[in-house]
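So this one's work-v3.cif, mmCIF, C-alpha atoms:
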data_data
#
loop_
_atom_site.group_PDB
_atom_site.id
_atom_site.type_symbol
_atom_site.label_atom_id
_atom_site.label_comp_id
_atom_site.auth_asym_id
_atom_site.auth_seq_id
_atom_site.Cartn_x
_atom_site.Cartn_y
_atom_site.Cartn_z
ATOM 1 C CA MET A 762 0.000 0.000 0.000
ATOM 2 C CA SER A 763 1.257 3.500 -0.799
ATOM 3 C CA ASP A 764 1.709 5.995 2.028
ATOM 4 C CA GLY A 765 1.167 9.126 -0.098
ATOM 5 C CA LEU A 766 0.955 10.365 -3.625
ATOM 6 C CA PRO A 767 1.566 7.926 -6.455
ATOM 7 C CA ASP A 768 4.844 8.067 -8.375
ATOM 8 C CA SER A 769 4.598 10.347 -11.384
ATOM 9 C CA LEU A 770 5.071 8.898 -14.836
ATOM 10 C CA ILE A 771 6.063 12.382 -16.004
ATOM 11 C CA PRO A 772 9.613 13.414 -15.005
ATOM 12 C CA TYR A 773 8.610 16.815 -13.598
ATOM 13 C CA ASP A 774 11.829 17.246 -11.634
ATOM 14 C CA GLU A 775 13.976 16.758 -14.742
ATOM 15 C CA ILE A 776 11.805 19.126 -16.783
ATOM 16 C CA VAL A 777 12.046 21.865 -14.148
ATOM 17 C CA GLN A 778 15.808 21.387 -13.766
ATOM 18 C CA GLU A 779 16.272 21.722 -17.530
ATOM 19 C CA ALA A 780 14.082 24.841 -17.678
ATOM 20 C CA LEU A 781 15.958 26.534 -14.841
ATOM 21 C CA ARG A 782 19.309 25.719 -16.429
ATOM 22 C CA ALA A 783 17.972 27.454 -19.562
ATOM 23 C CA VAL A 784 17.673 30.613 -17.426
ATOM 24 C CA VAL A 785 21.455 30.519 -16.989
ATOM 25 C CA GLY A 786 21.884 30.256 -20.762
ATOM 26 C CA ARG A 787 19.490 33.107 -21.416
ATOM 27 C CA VAL A 788 21.235 35.397 -18.927
ATOM 28 C CA LEU A 789 24.684 34.571 -20.315
ATOM 29 C CA GLY A 790 23.374 34.987 -23.873
ATOM 30 C CA SER A 791 22.133 38.466 -23.011
ATOM 31 C CA VAL A 792 25.533 39.365 -21.554
ATOM 32 C CA ALA A 793 27.286 38.067 -24.681
ATOM 33 C CA GLU A 794 24.918 39.969 -27.011
ATOM 34 C CA ASN A 795 25.309 43.224 -25.081
ATOM 35 C CA GLY A 796 29.090 42.972 -24.859
ATOM 36 C CA GLY A 797 29.355 42.823 -21.092
ATOM 37 C CA LEU A 798 27.704 42.696 -17.716
ATOM 38 C CA PRO A 799 25.277 45.541 -16.991
ATOM 39 C CA GLY A 800 25.734 47.689 -13.889
ATOM 40 C CA GLU A 801 27.078 45.856 -10.863
ATOM 41 C CA HIS A 802 25.911 42.399 -11.993
ATOM 42 C CA HIS A 803 28.417 39.558 -11.696
ATOM 43 C CA PHE A 804 28.052 35.802 -11.505
ATOM 44 C CA TYR A 805 29.292 32.876 -9.475
ATOM 45 C CA ILE A 806 28.757 29.732 -11.541
ATOM 46 C CA THR A 807 29.325 26.329 -9.943
ATOM 47 C CA PHE A 808 29.645 23.243 -12.115
ATOM 48 C CA LYS A 809 30.697 19.595 -12.064
ATOM 49 C CA THR A 810 34.182 19.338 -13.559
ATOM 50 C CA GLN A 811 33.778 15.680 -14.580
ATOM 51 C CA ASN A 812 30.430 15.976 -16.385
ATOM 52 C CA PRO A 813 30.316 15.010 -20.064
ATOM 53 C CA GLY A 814 31.065 17.962 -22.320
ATOM 54 C CA VAL A 815 33.033 19.944 -19.731
ATOM 55 C CA ASP A 816 36.326 21.058 -21.263
ATOM 56 C CA ILE A 817 38.678 22.790 -18.843
ATOM 57 C CA PRO A 818 42.478 22.706 -18.418
ATOM 58 C CA GLN A 819 43.842 19.569 -16.733
ATOM 59 C CA ARG A 820 45.451 21.628 -13.947
ATOM 60 C CA LEU A 821 41.971 22.831 -12.929
ATOM 61 C CA ILE A 822 40.544 19.307 -12.985
ATOM 62 C CA GLU A 823 43.400 18.183 -10.735
ATOM 63 C CA ARG A 824 42.717 21.022 -8.328
ATOM 64 C CA PHE A 825 38.920 20.678 -8.490
ATOM 65 C CA PRO A 826 38.255 16.993 -9.249
ATOM 66 C CA ASP A 827 34.495 17.197 -8.580
ATOM 67 C CA GLU A 828 33.111 20.723 -8.647
ATOM 68 C CA MET A 829 34.371 24.275 -8.976
ATOM 69 C CA THR A 830 32.999 27.797 -8.903
ATOM 70 C CA ILE A 831 34.045 30.483 -11.366
ATOM 71 C CA VAL A 832 33.483 34.209 -11.086
ATOM 72 C CA MET A 833 32.439 36.286 -14.078
ATOM 73 C CA GLN A 834 32.883 39.944 -13.261
ATOM 74 C CA ASN A 835 35.604 42.197 -14.634
ATOM 75 C CA ARG A 836 38.168 39.894 -16.200
ATOM 76 C CA TYR A 837 36.652 37.484 -18.671
ATOM 77 C CA TRP A 838 36.708 37.315 -22.460
ATOM 78 C CA ASP A 839 35.366 35.424 -25.478
ATOM 79 C CA LEU A 840 32.000 34.571 -23.916
ATOM 80 C CA LEU A 841 30.195 32.328 -26.407
ATOM 81 C CA VAL A 842 26.737 30.977 -25.651
ATOM 82 C CA ASP A 843 24.527 28.430 -27.405
ATOM 83 C CA ASP A 844 21.548 26.264 -26.437
ATOM 84 C CA GLU A 845 23.624 23.509 -24.838
ATOM 85 C CA ARG A 846 26.725 25.163 -23.345
ATOM 86 C CA PHE A 847 28.793 28.290 -22.888
ATOM 87 C CA SER A 848 32.494 28.964 -23.149
ATOM 88 C CA VAL A 849 34.447 31.748 -21.529
ATOM 89 C CA GLY A 850 38.033 32.865 -21.065
ATOM 90 C CA LEU A 851 39.173 33.389 -17.475
ATOM 91 C CA SER A 852 42.501 33.828 -15.753
ATOM 92 C CA PHE A 853 43.599 31.536 -12.915
ATOM 93 C CA ASN A 854 46.759 32.668 -11.091
ATOM 94 C CA GLN A 855 47.569 34.916 -14.057
ATOM 95 C CA VAL A 856 47.267 31.975 -16.505
ATOM 96 C CA PRO A 857 44.614 32.516 -19.212
ATOM 97 C CA SER A 858 42.268 29.568 -19.666
ATOM 98 C CA LYS A 859 39.305 28.689 -21.846
ATOM 99 C CA LEU A 860 36.456 26.808 -20.205
ATOM 100 C CA VAL A 861 33.591 25.056 -22.005
ATOM 101 C CA ILE A 862 30.689 24.242 -19.692
ATOM 102 C CA PRO A 863 27.430 22.549 -20.696
ATOM 103 C CA TYR A 864 24.391 23.764 -18.769
ATOM 104 C CA SER A 865 23.787 20.166 -17.682
ATOM 105 C CA ALA A 866 26.989 20.426 -15.583
ATOM 106 C CA VAL A 867 25.905 23.619 -13.784
ATOM 107 C CA THR A 868 24.864 23.101 -10.155
ATOM 108 C CA GLY A 869 24.634 26.720 -9.053
ATOM 109 C CA PHE A 870 24.240 30.245 -10.402
ATOM 110 C CA HIS A 871 24.435 33.304 -8.143
ATOM 111 C CA ASP A 872 24.304 37.022 -8.925
ATOM 112 C CA PRO A 873 25.270 38.663 -5.599
ATOM 113 C CA SER A 874 24.507 42.171 -6.870
ATOM 114 C CA VAL A 875 20.777 41.407 -6.637
ATOM 115 C CA ASN A 876 21.015 38.310 -4.418
ATOM 116 C CA PHE A 877 19.555 36.035 -7.098
ATOM 117 C CA GLU A 878 20.452 32.381 -6.883
ATOM 118 C CA LEU A 879 19.552 29.129 -8.600
ATOM 119 C CA ARG A 880 20.677 25.744 -7.316
ATOM 120 C CA PHE A 881 20.359 22.498 -9.169
ATOM 121 C CA GLN A 882 20.428 18.869 -8.178
ATOM 122 C CA ALA A 883 23.843 17.371 -8.460
ATOM 123 C CA GLN A 884 24.108 13.938 -10.003
ATOM 124 C CA GLU A 885 26.557 12.545 -7.465
ATOM 125 C CA GLY A 886 27.457 8.929 -7.064
ATOM 126 C CA PRO A 887 28.750 7.037 -4.037
ATOM 127 C CA ASP A 888 32.382 7.702 -4.991
ATOM 128 C CA SER A 889 32.069 11.483 -5.181
ATOM 129 C CA PRO A 890 35.088 13.451 -3.964
ATOM 130 C CA ASP A 891 34.927 15.714 -0.937
ATOM 131 C CA PRO A 892 33.414 19.202 -1.293
ATOM 132 C CA HIS A 893 35.550 21.669 -3.212
ATOM 133 C CA ASP A 894 37.251 24.956 -2.449
ATOM 134 C CA GLU A 895 36.159 27.995 -4.430
ATOM 135 C CA ALA A 896 38.194 28.677 -7.568
ATOM 136 C CA GLU A 897 40.686 31.470 -7.297
ATOM 137 C CA ASN A 898 40.277 32.953 -10.740
ATOM 138 C CA ASP A 899 41.617 36.468 -10.935
ATOM 139 C CA GLY A 900 38.685 38.677 -10.043
ATOM 140 C CA PRO A 901 37.563 40.748 -7.096
ATOM 141 C CA THR A 902 35.810 38.900 -4.331
ATOM 142 C CA ALA A 903 32.262 40.008 -3.599
ATOM 143 C CA VAL A 904 30.439 39.214 -0.388
ATOM 144 C CA PRO A 905 26.850 38.154 -1.118
ATOM 145 C CA VAL A 906 23.956 39.563 0.859
ATOM 146 C CA GLU A 907 22.434 36.766 2.918
ATOM 147 C CA ASP A 908 18.870 37.982 3.440
ATOM 148 C CA GLY A 909 17.302 35.083 1.532
ATOM 149 C CA SER A 910 15.553 37.177 -1.104
ATOM 150 C CA ASN A 911 15.417 36.049 -4.735
ATOM 151 C CA VAL A 912 16.839 32.620 -3.942
ATOM 152 C CA VAL A 913 15.402 29.678 -5.828
ATOM 153 C CA ALA A 914 16.450 26.254 -4.627
ATOM 154 C CA VAL A 915 15.207 23.185 -6.443
ATOM 155 C CA ASP A 916 15.665 19.926 -4.612
ATOM 156 C CA PHE A 917 13.395 17.156 -5.821
ATOM 157 C CA LYS A 918 13.451 13.822 -4.091
ATOM 158 C CA ARG A 919 12.259 10.761 -5.981
ATOM 159 C CA LYS A 920 10.014 8.347 -4.176
ATOM 160 C CA LYS A 921 11.076 4.750 -4.593
#
Could you rewrite the structure in this file as structure tokens?
Amino acid sequence: MSDGLPDSLIPYDEIVQEALRAVVGRVLGSVAENGGLPGEHHFYITFKTQNPGVDIPQRLIERFPDEMTIVMQNRYWDLLVDDERFSVGLSFNQVPSKLVIPYSAVTGFHDPSVNFELRFQAQEGPDSPDPHDEAENDGPTAVPVEDGSNVVAVDFKRKK
């Protein structure tokens, strides 16, 4: 006997995750089209470094074997955006690097200037590495406002 709602035959959680990841693409596409970030906007983008389609320098994979966070603020270049992924040039310890990141690898997007945040389910297995340190790409560090406004967290749990 079931103790609650029946299991859905429609993968709502996957559909919502995909739609919210498209928000990241739309925002980045707008930045690319307009030639830069408007006003004080800047982004912290967290992604899984081992996901299919992620293309980052080996030294970054070694330093961040599971997940890393990049900052897009003042020093980035060659932002290219399409329906499946984005690529961007960033500097890490004064070394220029190109990163290609599919939206399916993104686990977090935060714009501290307006305290807007999206978090996505991580597809982690039992052998996942320990939590990561933040990336130290060459950009100013911003302290986010922690009042809880404009934060969207999606955390679906599947019933089994």
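Interatomic distance, atom CA of A:Glu775 to atom CA of A:Phe804: 23.9 Å.
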From the options A:Ile862, A:Leu798, A:Val856, A:Leu851, which residue's atoms come nearest to A:Ser874, counting all atoms listed in the file?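 Going through A:Ile862, A:Leu798, A:Val856, A:Leu851 one by one, the smallest distance to A:Ser874 is for A:Leu798.
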Report the distance between atom CA of A:Ser791 and atom CA of A:Pro818 in Å, rounded to one decimal place.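 Spanning atom CA of A:Ser791 to atom CA of A:Pro818 is a straight-line distance of 26.1 Å.
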Skip A:Leu789 itself and residues of its chain fewer than 6 positions away, then list as a PyMOL selection string all residues within 10 Å of it, counting only C-alpha atoms. chain A and resi 783+795+797-798+804+840-843+847
Between atom CA of A:Pro857 and atom CA of A:Val784, what distance in Å does the model show, to one decimal?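 Computed distance, atom CA of A:Pro857 to atom CA of A:Val784, equals 27.1 Å.
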Can you find the residues with an atom no farther than 6 Å from (33.9, 40.1, -11.9), counting only C-alpha atoms, and report them as a ChimeraX atom specification? /A:803,832-835,900
